[in-house]
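Structure data follow from upload16.cif (mmCIF, C-alpha atoms):
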```cif
data_work
#
loop_
_atom_site.label_atom_id
_atom_site.label_comp_id
_atom_site.auth_asym_id
_atom_site.auth_seq_id
_atom_site.Cartn_x
_atom_site.Cartn_y
_atom_site.Cartn_z
CA MET A 1 67.67 62.29 64.11
CA GLY A 2 64.46 61.42 65.98
CA ARG A 3 63.87 58.12 67.70
CA ARG A 4 61.92 55.55 65.68
CA PRO A 5 58.36 54.74 66.82
CA ASN A 6 58.02 51.59 68.93
CA SER A 7 55.92 49.88 66.25
CA GLU A 8 58.70 50.32 63.68
CA ARG A 9 61.37 48.98 66.03
CA ASN A 10 59.19 46.02 67.02
CA GLU A 11 58.53 45.16 63.37
CA LYS A 12 62.27 45.05 62.67
CA ILE A 13 62.90 42.83 65.69
CA CYS A 14 60.14 40.40 64.69
CA THR A 15 61.42 40.19 61.12
CA SER A 16 64.91 39.43 62.37
CA ARG A 17 63.63 36.68 64.68
CA SER A 18 61.69 35.08 61.82
CA MET A 19 64.76 35.04 59.56
CA ASN A 20 66.86 33.44 62.30
CA PHE A 21 64.15 30.85 62.85
CA LEU A 22 64.21 29.84 59.19
CA GLU A 23 67.97 29.23 59.36
CA GLU A 24 67.58 27.16 62.52
CA THR A 25 65.00 24.81 60.99
CA LEU A 26 67.63 23.48 58.60
CA THR A 27 69.12 21.34 61.38
CA ILE A 28 65.90 19.56 62.35
CA LYS A 29 66.41 15.81 62.63
CA ASN A 30 63.84 14.83 60.01
CA LYS A 31 64.74 17.68 57.67
CA GLU A 32 63.93 15.57 54.62
CA GLU A 33 60.29 15.96 55.64
CA ILE A 34 60.39 19.76 56.02
CA ARG A 35 58.06 21.74 53.78
CA TYR A 36 57.28 25.46 53.64
CA TRP A 37 54.26 27.58 52.88
CA SER A 38 54.06 31.16 51.68
CA ARG A 39 54.52 33.83 54.34
CA ASN A 40 52.01 35.97 52.45
CA ALA A 41 49.21 33.44 52.89
CA MET A 42 47.91 34.49 56.29
CA ASN A 43 44.76 32.32 56.36
CA GLY A 44 46.55 28.98 56.05
CA THR A 45 44.38 27.76 53.17
CA ASP A 46 47.39 27.03 50.97
CA ILE A 47 48.99 24.65 53.48
CA ASP A 48 49.22 21.13 52.10
CA LEU A 49 47.75 19.17 55.00
CA PRO A 50 45.82 15.89 54.81
CA SER A 51 42.10 15.71 55.54
CA GLU A 52 42.67 12.64 57.69
CA LYS A 53 42.44 12.47 61.47
CA GLY A 54 45.62 13.34 63.28
CA ILE A 55 47.64 14.90 66.07
CA TYR A 56 49.41 18.23 65.67
CA THR A 57 51.59 20.75 67.44
CA LEU A 58 51.44 24.43 66.56
CA ILE A 59 54.66 26.41 66.92
CA LEU A 60 53.68 29.91 67.99
CA PHE A 61 55.65 33.12 68.26
CA ILE A 62 54.31 35.81 70.62
CA LYS A 63 55.85 39.09 69.55
CA GLU A 64 55.37 41.12 72.72
CA ALA A 65 53.93 40.87 76.23
CA ILE A 66 50.15 40.53 76.04
CA GLU A 67 47.14 39.82 78.23
CA ILE A 68 44.25 37.84 76.78
CA SER A 69 40.90 36.85 78.23
CA VAL A 70 40.59 33.10 77.62
CA GLY A 71 37.03 32.00 78.38
CA SER A 72 36.63 30.33 81.77
CA LEU A 73 40.38 30.59 82.43
CA GLY A 74 40.10 34.36 82.78
CA VAL A 75 42.77 36.89 81.84
CA ILE A 76 46.17 35.32 81.12
CA SER A 77 49.49 37.11 80.71
CA PHE A 78 51.93 35.89 78.06
CA THR A 79 55.55 36.96 77.74
CA PRO A 80 57.29 37.22 74.35
CA GLY A 81 58.82 34.06 72.94
CA TYR A 82 58.10 30.71 71.35
CA TYR A 83 55.27 28.43 72.48
CA ILE A 84 53.85 25.09 71.41
CA TYR A 85 50.24 23.95 71.51
CA ILE A 86 49.25 20.28 71.29
CA GLY A 87 45.93 19.46 69.64
CA SER A 88 44.04 16.77 67.77
CA ALA A 89 41.82 16.69 64.70
CA LYS A 90 39.32 13.85 64.80
CA ASN A 91 36.26 15.33 63.12
CA PHE A 92 35.23 15.90 59.51
CA GLY A 93 37.96 17.63 57.52
CA GLY A 94 40.71 16.28 59.75
CA LEU A 95 44.03 18.07 60.07
CA LYS A 96 43.41 20.35 57.09
CA SER A 97 40.21 21.79 58.54
CA ARG A 98 41.37 22.10 62.14
CA VAL A 99 44.78 23.66 61.50
CA THR A 100 43.39 26.07 58.89
CA ARG A 101 40.93 27.32 61.51
CA HIS A 102 43.79 28.38 63.75
CA PHE A 103 44.97 30.86 61.11
CA ASN A 104 41.64 32.70 61.07
CA LYS A 105 42.08 35.91 63.09
CA SER A 106 38.40 36.85 62.84
CA LYS A 107 36.67 33.80 64.27
CA ARG A 108 32.98 34.51 64.84
CA ARG A 109 32.83 32.07 67.73
CA LYS A 110 35.63 30.86 69.94
CA PHE A 111 35.12 27.22 70.90
CA TRP A 112 38.55 26.31 72.27
CA HIS A 113 41.09 28.07 74.46
CA ILE A 114 43.55 28.24 71.57
CA ASP A 115 41.01 30.28 69.55
CA TYR A 116 41.50 33.22 71.92
CA LEU A 117 45.28 33.09 71.55
CA THR A 118 45.54 32.63 67.78
CA ALA A 119 43.02 35.45 67.22
CA SER A 120 45.53 37.95 68.62
CA GLN A 121 47.45 40.09 66.14
CA HIS A 122 50.51 39.65 68.37
CA VAL A 123 50.56 35.87 67.90
CA GLU A 124 51.97 34.22 64.78
CA ILE A 125 51.84 30.55 63.80
CA ILE A 126 55.25 29.82 62.33
CA GLY A 127 55.16 26.04 62.11
CA VAL A 128 53.12 22.86 62.37
CA ILE A 129 54.33 19.40 63.35
CA TYR A 130 51.72 16.74 62.68
CA SER A 131 51.01 13.05 62.19
CA THR A 132 47.98 11.25 60.84
CA ILE A 133 46.37 8.49 62.89
CA THR A 134 44.27 5.52 61.84
CA ASN A 135 40.50 5.69 62.17
CA SER A 136 40.43 2.60 64.36
CA THR A 137 42.94 3.74 66.99
CA GLU A 138 41.71 4.17 70.55
CA ILE A 139 45.02 5.50 71.84
CA ASP A 140 44.82 9.07 73.17
CA TYR A 141 47.98 10.31 71.45
CA GLU A 142 47.09 13.92 72.24
CA SER A 143 47.21 13.35 76.00
CA ILE A 144 50.29 11.14 75.79
CA LEU A 145 52.17 13.77 73.79
CA ALA A 146 51.07 16.62 76.09
CA ASN A 147 52.20 14.76 79.20
CA ASN A 148 55.53 13.86 77.61
CA VAL A 149 56.11 17.53 76.79
CA LEU A 150 55.31 18.34 80.43
CA ASN A 151 58.24 16.15 81.50
CA ASN A 152 60.65 17.50 78.88
CA GLU A 153 63.43 19.82 80.02
CA CYS A 154 62.85 22.32 77.21
CA PHE A 155 59.30 23.31 78.12
CA THR A 156 57.45 24.95 80.97
CA ILE A 157 53.70 25.22 81.51
CA ALA A 158 52.40 28.41 79.91
CA CYS A 159 48.97 28.19 81.56
CA PRO A 160 47.51 25.33 83.64
CA ARG A 161 44.45 23.63 82.09
CA PHE A 162 44.86 25.52 78.79
CA GLY A 163 43.38 23.30 76.08
CA ALA A 164 42.82 20.51 78.59
CA SER A 165 39.44 21.30 80.14
CA ASP A 166 38.03 18.01 78.81
CA LYS A 167 41.07 15.93 79.83
CA ARG A 168 41.42 15.60 83.59
CA ARG A 169 44.76 13.78 83.41
CA ASP A 170 46.42 16.56 81.41
CA VAL A 171 48.00 19.55 83.14
CA SER A 172 48.05 21.73 80.02
CA HIS A 173 48.34 21.65 76.24
CA LEU A 174 50.19 24.97 75.98
CA TYR A 175 53.88 25.21 76.83
CA LYS A 176 56.58 27.84 76.51
CA CYS A 177 59.95 26.95 75.01
CA ILE A 178 62.78 27.64 77.46
CA CYS A 179 65.60 26.15 75.37
CA HIS A 180 66.90 27.28 71.99
CA ILE A 181 63.97 27.07 69.55
CA ASN A 182 65.78 24.57 67.35
CA ARG A 183 66.27 22.23 70.30
CA CYS A 184 62.62 22.62 71.32
CA ILE A 185 61.42 21.62 67.86
CA ASN A 186 63.77 18.64 67.70
CA ASN A 187 62.50 17.49 71.08
CA VAL A 188 58.88 17.64 69.91
CA VAL A 189 59.76 15.69 66.75
CA SER A 190 61.51 13.07 68.91
CA LEU A 191 58.48 12.82 71.21
CA PHE A 192 56.23 12.12 68.21
CA TYR A 193 58.53 9.26 67.19
CA SER A 194 58.77 7.95 70.76
CA ILE A 195 55.01 7.27 70.91
CA GLY A 196 54.89 5.53 67.55
CA LEU A 197 53.90 8.45 65.31
CA ASN A 198 55.57 9.54 62.07
CA PRO A 199 55.74 13.36 62.19
CA ARG A 200 55.83 15.80 59.29
CA THR A 201 56.87 19.43 59.68
CA ILE A 202 55.78 22.55 57.80
CA PHE A 203 57.17 26.05 58.38
CA ARG A 204 56.29 29.50 57.13
CA PHE A 205 58.96 31.34 55.16
#
```
As structure tokens, how would this structure be written, given the file I've shared?
Amino acid sequence: MGRRPNSERNEKICTSRSMNFLEETLTIKNKEEIRYWSRNAMNGTDIDLPSEKGIYTLILFIKEAIEISVGSLGVISFTPGYYIYIGSAKNFGGLKSRVTRHFNKSKRRKFWHIDYLTASQHVEIIGVIYSTITNSTEIDYESILANNVLNNECFTIACPRFGASDKRRDVSHLYKCICHINRCINNVVSLFYSIGLNPRTIFRF
């Protein structure tokens, strides 16, 4: 019997990883807040997110080793595995508008570093952890969260300055998970709580 094509083997591996991930999410600390959206909805428009301002973390799965040209950062190499990206939504449309944009693989214009990464067919958004913030707050929760992730034992910098070109104090907003994915997610949830936010989690099934 002939050897299966690489694409077929890779598809089976990715499917297996996704199924394992779903089982792992059941032990998240705030599991009463877990919600799911359809795996068939690739554009993210069916995700029940608020239109308020907020802070969010994307949970990304990179299926295979890739190299991507990311604007002024140049060509960046990414190894397979789980990553998190910390962002904020403070403009019109809030969290709903900003997070939905990340699901669009055919962006006409790429404004942010994360646009280059999420546009890749080898990158899948498998979860979102988010919290709304009040309109009057002047606290930079995005930077605080990113710097707390930097000092967490379960993450390593994926690319210096990624997503942080407008924030001189921040080393990066993109990190790779180096612990078990379930532990990484729990740590992010705990970091949200530690800075006074009330996180909600949504995962793709």
Which neighbours of Phe192 of chain A fall inside 9 Å, counting all atoms listed in the file, when residues of the same chain fewer than 4 positions from it are skipped, and could you give them as a list of chain:residue names? A:Ile129, A:Tyr130, A:Ser131, A:Leu145, A:Asn187, A:Val188, A:Gly196, A:Leu197, A:Asn198, A:Pro199
Of the candidates A:Lys110, A:Pro50, A:Gly94, A:Gln121, which one gets nearest to Ile66 of chain A if we count all atoms listed in the file? A:Gln121
Measuring between all atoms listed in the file, which one of A:Phe103, A:Phe111, A:Tyr83, A:Phe78 shows the shortest distance to Ile185 of chain A? A:Tyr83
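The shortest atom-to-atom distance to Ile84 of chain A, with only C-alpha atoms taken into account, belongs to A:His173 out of A:Lys53, A:Arg183, A:His173, A:Arg204.
Of the listed residues (A:Ile144, A:Cys184, A:Ala65, A:Val123), A:Ile144 comes nearest to Val171 of chain A; the distances count only C-alpha atoms.
From atom CA of Tyr116 of chain A back to atom CA of Glu153 of chain A, the distance works out to 26.9 Å.
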